[in-house]
$ cat upload-v8.txt   # compact mmCIF, C-alpha atoms and all ligand atoms
# COMPACT_ATOMS: atom_id res chain seq x y z
CA MET A 171 0.00 0.00 0.00
CA VAL A 172 1.36 3.43 -0.86
CA ILE A 173 -1.22 5.12 1.36
CA THR A 174 -1.39 3.90 4.95
CA GLN A 175 -4.47 4.58 7.04
CA HIS A 176 -4.92 4.85 10.78
CA GLN A 177 -8.17 5.73 12.51
CA GLU A 178 -8.53 6.75 16.15
CA ALA A 179 -11.18 8.78 17.99
CA GLY A 180 -12.71 10.21 14.81
CA LEU A 181 -9.35 11.13 13.26
CA LEU A 182 -8.29 9.41 10.03
CA THR A 183 -4.57 9.78 9.34
CA LEU A 184 -3.56 9.14 5.73
CA THR A 185 0.18 8.78 5.15
CA LEU A 186 1.82 9.04 1.73
CA ASN A 187 4.04 6.03 2.05
CA ARG A 188 6.85 5.98 -0.50
CA PRO A 189 9.57 7.27 1.81
CA ASP A 190 12.44 5.97 -0.34
CA ALA A 191 11.13 8.10 -3.22
CA LEU A 192 10.37 11.11 -0.95
CA ASN A 193 6.69 10.26 -1.45
CA ALA A 194 6.85 11.20 -5.14
CA ILE A 195 3.36 10.89 -6.57
CA THR A 196 2.52 7.99 -8.87
CA THR A 197 -0.81 7.15 -10.47
CA GLU A 198 -1.11 4.24 -8.03
CA LEU A 199 -0.71 6.66 -5.11
CA LEU A 200 -3.39 9.02 -6.49
CA VAL A 201 -5.85 6.17 -7.05
CA GLU A 202 -5.30 4.84 -3.51
CA LEU A 203 -5.58 8.33 -2.02
CA GLY A 204 -8.80 8.93 -3.97
CA HIS A 205 -10.32 5.68 -2.61
CA ALA A 206 -9.29 6.55 0.95
CA LEU A 207 -10.82 10.04 0.68
CA GLU A 208 -14.06 8.65 -0.72
CA LYS A 209 -14.29 6.26 2.23
CA ALA A 210 -13.57 9.17 4.58
CA GLN A 211 -17.08 10.51 3.85
CA ASP A 212 -18.14 8.02 6.56
CA PRO A 213 -19.57 10.08 9.47
CA ALA A 214 -17.34 8.12 11.89
CA VAL A 215 -14.44 10.10 10.38
CA ARG A 216 -14.58 13.62 11.83
CA ALA A 217 -11.21 14.97 10.69
CA ILE A 218 -8.46 13.90 8.32
CA LEU A 219 -4.73 14.37 8.69
CA LEU A 220 -2.64 13.99 5.54
CA THR A 221 1.08 13.50 6.06
CA GLY A 222 4.18 11.88 4.56
CA ALA A 223 6.36 8.98 5.71
CA GLY A 224 10.09 9.62 6.11
CA ARG A 225 11.86 12.94 5.54
CA ALA A 226 9.55 14.52 2.94
CA PHE A 227 5.86 15.33 2.69
CA SER A 228 5.93 14.82 -1.09
CA VAL A 229 8.19 16.00 -3.91
CA GLY A 230 5.27 16.03 -6.37
CA GLN A 231 4.84 13.99 -9.51
CA ASP A 232 7.28 11.08 -9.71
CA LEU A 233 9.27 12.38 -12.65
CA LYS A 234 10.77 8.94 -13.24
CA GLU A 235 7.28 7.49 -13.80
CA VAL A 236 6.49 10.01 -16.55
CA GLN A 237 9.86 9.90 -18.32
CA VAL A 238 8.04 7.98 -21.01
CA ARG A 239 4.50 9.30 -21.09
CA GLN A 240 1.66 6.81 -21.43
CA GLU A 241 -1.05 9.48 -21.65
CA SER A 242 -1.43 13.19 -22.32
CA PHE A 243 -0.93 15.67 -19.47
CA LYS A 244 -4.65 16.43 -19.59
CA ASP A 245 -5.60 12.78 -19.16
CA HIS A 246 -2.98 12.25 -16.44
CA LEU A 247 -4.18 15.26 -14.46
CA ARG A 248 -7.65 13.68 -14.07
CA HIS A 249 -6.15 11.55 -11.29
CA TYR A 250 -4.81 14.61 -9.48
CA ASN A 251 -7.98 16.65 -9.97
CA ARG A 252 -10.16 13.93 -8.49
CA VAL A 253 -8.07 13.99 -5.29
CA ILE A 254 -8.03 17.81 -5.07
CA LYS A 255 -11.83 17.99 -5.45
CA LEU A 256 -12.32 15.29 -2.81
CA LEU A 257 -10.10 17.17 -0.33
CA GLN A 258 -12.07 20.37 -0.89
CA HIS A 259 -15.54 18.88 -0.85
CA LEU A 260 -15.22 16.63 2.19
CA GLU A 261 -17.56 18.15 4.76
CA LYS A 262 -15.08 17.88 7.62
CA PRO A 263 -11.71 19.45 8.45
CA VAL A 264 -8.79 18.19 6.37
CA LEU A 265 -5.33 19.03 7.73
CA ALA A 266 -1.92 18.64 6.13
CA ALA A 267 0.93 17.73 8.49
CA ILE A 268 3.95 18.80 6.46
CA ASN A 269 6.93 16.92 7.83
CA GLY A 270 9.48 17.93 5.17
CA ALA A 271 9.68 18.98 1.50
CA ALA A 272 6.40 19.79 -0.26
CA ALA A 273 7.18 20.35 -3.94
CA GLY A 274 5.10 20.64 -7.12
CA ALA A 275 1.85 18.75 -6.79
CA GLY A 276 2.96 17.76 -3.26
CA PHE A 277 2.71 21.47 -2.41
CA SER A 278 -0.64 21.64 -4.24
CA LEU A 279 -1.99 18.79 -2.10
CA THR A 280 -1.23 20.76 1.05
CA LEU A 281 -2.97 23.86 -0.36
CA ALA A 282 -6.18 21.91 -0.97
CA CYS A 283 -6.30 21.09 2.76
CA ASP A 284 -8.10 23.39 5.20
CA LEU A 285 -5.15 23.97 7.53
CA ARG A 286 -1.41 23.36 7.19
CA LEU A 287 0.67 22.27 10.18
CA ALA A 288 4.39 22.35 9.44
CA SER A 289 7.47 20.95 11.07
CA GLU A 290 10.22 23.54 11.61
CA SER A 291 12.21 21.64 8.97
CA ALA A 292 9.46 21.69 6.32
CA PHE A 293 9.86 23.69 3.13
CA PHE A 294 7.72 24.43 0.09
CA THR A 295 8.62 24.92 -3.54
CA PRO A 296 6.24 25.19 -6.49
CA ALA A 297 8.87 23.50 -8.72
CA PHE A 298 6.69 23.59 -11.86
CA SER A 299 8.50 26.47 -13.61
CA ARG A 300 11.87 24.79 -13.02
CA ILE A 301 10.82 22.00 -15.38
CA GLY A 302 8.95 24.29 -17.78
CA LEU A 303 5.45 23.43 -16.59
CA VAL A 304 2.55 25.52 -15.33
CA PRO A 305 1.07 25.06 -11.84
CA ASP A 306 -1.53 22.33 -11.56
CA SER A 307 -3.56 20.33 -9.05
CA GLY A 308 -5.26 23.52 -7.86
CA MET A 309 -2.14 25.55 -7.13
CA SER A 310 -3.19 28.41 -9.45
CA TYR A 311 -6.53 28.50 -7.60
CA PHE A 312 -5.40 28.27 -3.98
CA LEU A 313 -2.04 30.07 -3.94
CA PRO A 314 -3.23 33.56 -5.09
CA ARG A 315 -6.17 33.30 -2.70
CA ILE A 316 -3.76 32.74 0.18
CA VAL A 317 -0.81 35.00 -0.65
CA GLY A 318 -2.24 37.45 -3.23
CA TRP A 319 -1.76 37.64 -7.00
CA ASN A 320 1.71 39.22 -7.20
CA LYS A 321 3.27 37.03 -4.48
CA ALA A 322 1.78 33.95 -6.15
CA PHE A 323 3.26 35.02 -9.49
CA ASP A 324 6.62 35.65 -7.83
CA LEU A 325 6.65 32.20 -6.15
CA LEU A 326 5.43 30.42 -9.28
CA THR A 327 7.99 32.19 -11.48
CA PHE A 328 11.12 31.80 -9.35
CA SER A 329 10.19 28.62 -7.43
CA PRO A 330 12.31 29.38 -4.37
CA ARG A 331 12.55 27.10 -1.34
CA VAL A 332 10.11 28.72 1.12
CA THR A 333 10.95 27.75 4.70
CA ALA A 334 8.23 26.89 7.23
CA GLU A 335 8.84 30.24 8.93
CA GLU A 336 8.52 32.18 5.65
CA ALA A 337 5.43 30.15 4.74
CA PHE A 338 3.93 31.07 8.11
CA GLU A 339 4.59 34.77 7.41
CA LEU A 340 2.89 34.39 4.03
CA GLY A 341 -0.17 32.70 5.55
CA ILE A 342 0.54 29.40 3.81
CA VAL A 343 1.27 27.63 7.11
CA ASP A 344 -1.08 27.89 10.09
CA ARG A 345 0.98 26.27 12.88
CA ILE A 346 4.66 25.36 13.21
CA PHE A 347 5.81 22.66 15.61
CA PRO A 348 9.39 21.65 16.53
CA VAL A 349 10.91 18.77 14.57
CA ASP A 350 11.25 16.46 17.58
CA THR A 351 7.62 16.74 18.68
CA PHE A 352 6.04 17.42 15.30
CA GLN A 353 4.14 14.15 14.79
CA GLU A 354 2.88 14.16 18.35
CA GLN A 355 1.75 17.81 18.31
CA ALA A 356 0.16 17.58 14.86
CA ARG A 357 -1.75 14.47 15.97
CA ALA A 358 -2.92 16.13 19.19
CA PHE A 359 -4.08 19.21 17.26
CA ALA A 360 -6.00 17.07 14.76
CA LEU A 361 -7.51 14.85 17.48
CA GLU A 362 -8.88 17.95 19.18
CA LEU A 363 -10.43 19.12 15.91
CA ALA A 364 -11.95 15.65 15.41
CA GLN A 365 -13.92 16.21 18.62
CA GLY A 366 -15.39 19.48 17.31
CA PRO A 367 -18.88 20.26 15.96
CA THR A 368 -18.14 18.42 12.69
CA LEU A 369 -21.42 19.23 10.97
CA ALA A 370 -21.01 22.98 11.62
CA LEU A 371 -17.34 22.82 10.55
CA GLY A 372 -18.32 21.05 7.32
CA LEU A 373 -20.96 23.70 6.59
CA THR A 374 -18.42 26.44 7.38
CA LYS A 375 -16.13 24.87 4.80
CA GLN A 376 -18.94 24.95 2.22
CA LEU A 377 -19.53 28.64 2.98
CA LEU A 378 -15.86 29.49 2.44
CA CYS A 379 -15.78 27.51 -0.82
CA ARG A 380 -18.84 29.36 -2.10
CA SER A 381 -17.56 32.80 -1.01
CA GLY A 382 -14.82 32.73 -3.68
CA SER A 383 -17.34 33.27 -6.47
CA ALA A 384 -20.44 34.73 -4.80
CA THR A 385 -21.80 38.22 -4.14
CA LEU A 386 -22.43 39.52 -0.61
CA GLU A 387 -26.18 39.10 -1.15
CA GLU A 388 -25.73 35.48 -2.22
CA MET A 389 -23.48 34.78 0.77
CA LEU A 390 -25.95 36.32 3.22
CA ASP A 391 -28.66 33.99 1.86
CA TYR A 392 -26.33 30.98 1.91
CA GLU A 393 -25.22 31.73 5.49
CA ALA A 394 -28.86 31.85 6.59
CA GLU A 395 -29.50 28.50 4.87
CA MET A 396 -26.45 26.87 6.48
CA GLN A 397 -27.32 28.39 9.87
CA ASP A 398 -30.75 26.82 9.65
CA ARG A 399 -29.05 23.44 9.21
CA ALA A 400 -26.43 24.01 11.94
CA GLY A 401 -29.14 25.34 14.25
CA GLN A 402 -31.01 22.03 14.06
CA SER A 403 -27.94 19.96 14.95
CA GLN A 404 -27.40 18.01 18.17
CA ASP A 405 -24.11 19.88 18.54
CA HIS A 406 -25.85 23.27 18.58
CA HIS A 407 -28.15 21.97 21.30
CA GLU A 408 -25.17 20.55 23.23
CA GLY A 409 -23.16 23.78 22.79
CA MET A 410 -26.04 25.84 24.20
CA GLN A 411 -26.52 23.48 27.14
CA ALA A 412 -22.80 23.46 27.90
CA PHE A 413 -22.72 27.26 27.84
CA LEU A 414 -25.66 27.52 30.23
CA GLU A 415 -24.23 24.84 32.54
CA LYS A 416 -20.76 26.45 32.43
CA ARG A 417 -19.05 23.23 31.30
CA PRO A 418 -17.02 22.19 28.21
CA SER A 419 -19.10 20.97 25.23
CA ARG A 420 -19.13 17.29 24.32
CA PHE A 421 -19.80 17.40 20.59
CA SER A 422 -20.95 14.29 18.70
CA GLY A 423 -20.39 15.73 15.24
CA MET A 424 -24.11 15.44 14.36
O1 LIG B 1 1.59 14.73 -15.75
C1 LIG B 1 2.39 15.49 -15.16
O2 LIG B 1 3.59 15.24 -15.06
C2 LIG B 1 1.85 16.76 -14.61
C3 LIG B 1 1.93 16.73 -13.15
C4 LIG B 1 2.80 17.54 -12.54
C5 LIG B 1 2.83 17.61 -11.09
C6 LIG B 1 4.18 17.96 -10.49
O3 LIG B 1 4.31 17.75 -9.32
S1 LIG B 1 5.43 18.59 -11.46
C7 LIG B 1 6.71 18.92 -10.29
C8 LIG B 1 7.47 17.67 -9.92
N1 LIG B 1 8.39 17.88 -8.82
C9 LIG B 1 9.55 18.48 -8.98
O4 LIG B 1 9.93 18.96 -10.04
C10 LIG B 1 10.46 18.53 -7.76
C11 LIG B 1 11.81 17.93 -8.08
N2 LIG B 1 12.62 17.81 -6.89
C12 LIG B 1 13.29 18.83 -6.36
O5 LIG B 1 13.26 19.96 -6.83
C13 LIG B 1 14.11 18.53 -5.16
O6 LIG B 1 14.32 17.14 -5.11
C14 LIG B 1 13.44 18.99 -3.85
C15 LIG B 1 13.56 20.51 -3.78
C16 LIG B 1 11.98 18.59 -3.76
C17 LIG B 1 14.14 18.35 -2.63
O7 LIG B 1 15.48 18.62 -2.68
P1 LIG B 1 16.51 17.79 -1.77
O8 LIG B 1 17.82 18.49 -1.90
O9 LIG B 1 15.95 17.63 -0.41
O10 LIG B 1 16.55 16.34 -2.40
P2 LIG B 1 17.25 15.90 -3.77
O11 LIG B 1 18.65 15.52 -3.51
O12 LIG B 1 17.01 16.90 -4.84
O13 LIG B 1 16.40 14.61 -4.14
C18 LIG B 1 16.61 13.38 -3.45
C19 LIG B 1 16.28 12.25 -4.40
O14 LIG B 1 14.87 12.31 -4.74
C20 LIG B 1 17.04 12.35 -5.73
O15 LIG B 1 17.25 11.04 -6.20
P3 LIG B 1 18.72 10.38 -6.10
O16 LIG B 1 19.65 11.30 -6.80
O17 LIG B 1 19.00 10.31 -4.62
O18 LIG B 1 18.55 9.05 -6.76
C21 LIG B 1 16.02 13.01 -6.63
O19 LIG B 1 16.23 12.73 -8.00
C22 LIG B 1 14.74 12.35 -6.16
N3 LIG B 1 13.58 13.15 -6.50
C23 LIG B 1 13.29 14.38 -6.02
N4 LIG B 1 12.14 14.80 -6.54
C24 LIG B 1 11.70 13.83 -7.36
C25 LIG B 1 12.61 12.77 -7.34
N5 LIG B 1 12.44 11.66 -8.06
C26 LIG B 1 11.34 11.60 -8.84
N6 LIG B 1 10.42 12.58 -8.90
C27 LIG B 1 10.55 13.70 -8.19
N7 LIG B 1 9.61 14.66 -8.25
$ encode --input "upload-v8.txt" --output "structure tokens" --more "lines below"
Ligand code: T3D
Amino acid sequence: MVITQHQEAGLLTLTLNRPDALNAITTELLVELGHALEKAQDPAVRAILLTGAGRAFSVGQDLKEVQVRQESFKDHLRHYNRVIKLLQHLEKPVLAAINGAAAGAGFSLTLACDLRLASESAFFTPAFSRIGLVPDSGMSYFLPRIVGWNKAFDLLTFSPRVTAEEAFELGIVDRIFPVDTFQEQARAFALELAQGPTLALGLTKQLLCRSGSATLEEMLDYEAEMQDRAGQSQDHHEGMQAFLEKRPSRFSGM
């Protein structure tokens, strides 16, 4: 298996598991990741943590696999695009735990997640321009939305190595943890999120997705619609009770 799966207390951890190849992405890896993400729609899964085995998160497309191309770029990218859409449309928090290099489509994978937790030793590089390609797997969508148009163009043109600290300054990374305790702290962070009001978090994610292409009027209507749904949830009831009883909430995700 090139994707390993571990489930505990509502948290599904998916590990890109080709450490000897720095988790370079093959078609097999994309197909397995796609299957795992489809299965993650199960309500028992309340958060997903995507990480890499070994010293890298992922160095992007396995360039050795595509030395001799079996299909056009457009056909090949269907496998990537399926995974990116699944990451975005899952109605639960999806976190990337970036343990090392995130390059090319490996970087894109992290951008399609809702939050990025980075080890102090992690770094990011778009890499596409260095081999004469354009950004893909959603990078041209997510990156300018996070860092702004000109910074995105700068990064995509020069493809520097962006350290975890620089990525944090740019808003690409949301939390940085020390190398020695990274796995433990990323897991603890994700486990806490997996105990959250999953339904409301999933609806929040839908709102943010919609806001990219909607007017204020449309968003106000959509917020009201989503609030109607969240307002009928067990977790809203529990949250209100917990507030009134001055105790921590015990959310079920429903
Ligand atoms: O259909 C399509 O192709 C379209 C899809 C495109 C999606 C993409 O992701 S395109 C972008 C692909 N990725 C890259 O171009 C990144 C290439 N790698 C690098 O720039 C560097 O390796 C890193 C900056 C990521 C890491 O640098 P460093 O110094 O930590 O490691 P290294 O020494 O460069 O690499 C270590 C080994 O991994 C080395 O192999 P060797 O010499 O020990 O046998 C290197 O060749 C190999 N490696 C690194 N990246 C890839 C790779 N092998 C295959 N594919 C890779 N992407």
$ residues_near_point --input "upload-v8.txt" --point "(4.1, 18.1, -0.4)" --cutoff "10 Å" --atoms "all atoms listed in the file" --output "compact mmCIF listing (two decimals) with C-alpha atoms, keeping the file's coordinate frame"
# COMPACT_ATOMS: atom_id res chain seq x y z
CA LEU A 186 1.82 9.04 1.73
CA LEU A 192 10.37 11.11 -0.95
CA ASN A 193 6.69 10.26 -1.45
CA ALA A 194 6.85 11.20 -5.14
CA ILE A 195 3.36 10.89 -6.57
CA LEU A 220 -2.64 13.99 5.54
CA THR A 221 1.08 13.50 6.06
CA GLY A 222 4.18 11.88 4.56
CA ALA A 226 9.55 14.52 2.94
CA PHE A 227 5.86 15.33 2.69
CA SER A 228 5.93 14.82 -1.09
CA VAL A 229 8.19 16.00 -3.91
CA GLY A 230 5.27 16.03 -6.37
CA ALA A 266 -1.92 18.64 6.13
CA ALA A 267 0.93 17.73 8.49
CA ILE A 268 3.95 18.80 6.46
CA ASN A 269 6.93 16.92 7.83
CA GLY A 270 9.48 17.93 5.17
CA ALA A 271 9.68 18.98 1.50
CA ALA A 272 6.40 19.79 -0.26
CA ALA A 273 7.18 20.35 -3.94
CA GLY A 274 5.10 20.64 -7.12
CA ALA A 275 1.85 18.75 -6.79
CA GLY A 276 2.96 17.76 -3.26
CA PHE A 277 2.71 21.47 -2.41
CA SER A 278 -0.64 21.64 -4.24
CA LEU A 279 -1.99 18.79 -2.10
CA THR A 280 -1.23 20.76 1.05
CA LEU A 281 -2.97 23.86 -0.36
CA ALA A 292 9.46 21.69 6.32
CA PHE A 293 9.86 23.69 3.13
CA PHE A 294 7.72 24.43 0.09
CA THR A 295 8.62 24.92 -3.54
CA PRO A 296 6.24 25.19 -6.49
$ closest_residue --input "upload-v8.txt" --among "A:Glu388, A:Glu395, A:Asp284, A:Asp232" --to "Ile254 of chain A" --atoms "only C-alpha atoms"
A:Asp284
$ closest_residue --input "upload-v8.txt" --among "A:Ala360, A:Leu285, A:Leu313, A:Ile173" --to "Val215 of chain A" --atoms "only C-alpha atoms"
A:Ala360
$ atom_distance --input "upload-v8.txt" --atom1 "atom CA of Val317 of chain A" --atom2 "atom CA of Arg380 of chain A"
18.9 Å
$ residues_around --input "upload-v8.txt" --residues "segment 396-411 of chain A" --least-positions-apart "3" --cutoff "9 Å" --atoms "all atoms listed in the file" --output "list in words"
Gly366, Pro367, Thr368, Leu369, Ala370, Leu373, Thr374, Gln376, Leu377, Asp391, Tyr392, Glu393, Leu414, Glu415, Lys416, Arg417, Pro418, Ser419, Arg420, Phe421, Ser422, Gly423 and Met424 of chain A
$ residues_near_point --input "upload-v8.txt" --point "(0.1, 1.6, 3.8)" --cutoff "9 Å" --atoms "only C-alpha atoms" --output "number ranges by chain"
A: 171-175, 184-187
$ axis_aligned_box --input "upload-v8.txt" --around "ligand LIG 1 (chain B)" --padding-each-side "6 Å" --output "lines of an AutoDock Vina configuration file"
center_x = 10.6
center_y = 14.8
center_z = -8.1
size_x = 30.1
size_y = 23.5
size_z = 27.3
$ closest_residue --input "upload-v8.txt" --among "A:Ala179, A:Val238, A:Ala206, A:Ala297" --to "ligand LIG 1 (chain B)" --atoms "only C-alpha atoms and all ligand atoms"
A:Ala297
$ atom_distance --input "upload-v8.txt" --atom1 "atom N4 of ligand LIG 1 (chain B)" --atom2 "atom CA of Asn251 of chain A"
20.5 Å
$ atom_distance --input "upload-v8.txt" --atom1 "atom CA of Phe359 of chain A" --atom2 "atom CA of Gln258 of chain A"
19.9 Å
$ closest_atom_pairs --input "upload-v8.txt" --of "segment 264-324 of chain A" --to "segment 348-352 of chain A" --cutoff "7 Å" --atoms "all atoms listed in the file" --output "CSV"
residue,atom,partner,partner_atom,distance
A:Ser289,CA,A:Val349,CA,5.4
A:Glu290,CA,A:Pro348,CA,5.3
A:Ser291,CA,A:Val349,CA,6.4
$ closest_residue --input "upload-v8.txt" --among "A:Ala223, A:Leu260, A:Ile301, A:Ala337" --to "ligand LIG 1 (chain B)" --atoms "only C-alpha atoms and all ligand atoms"
A:Ile301
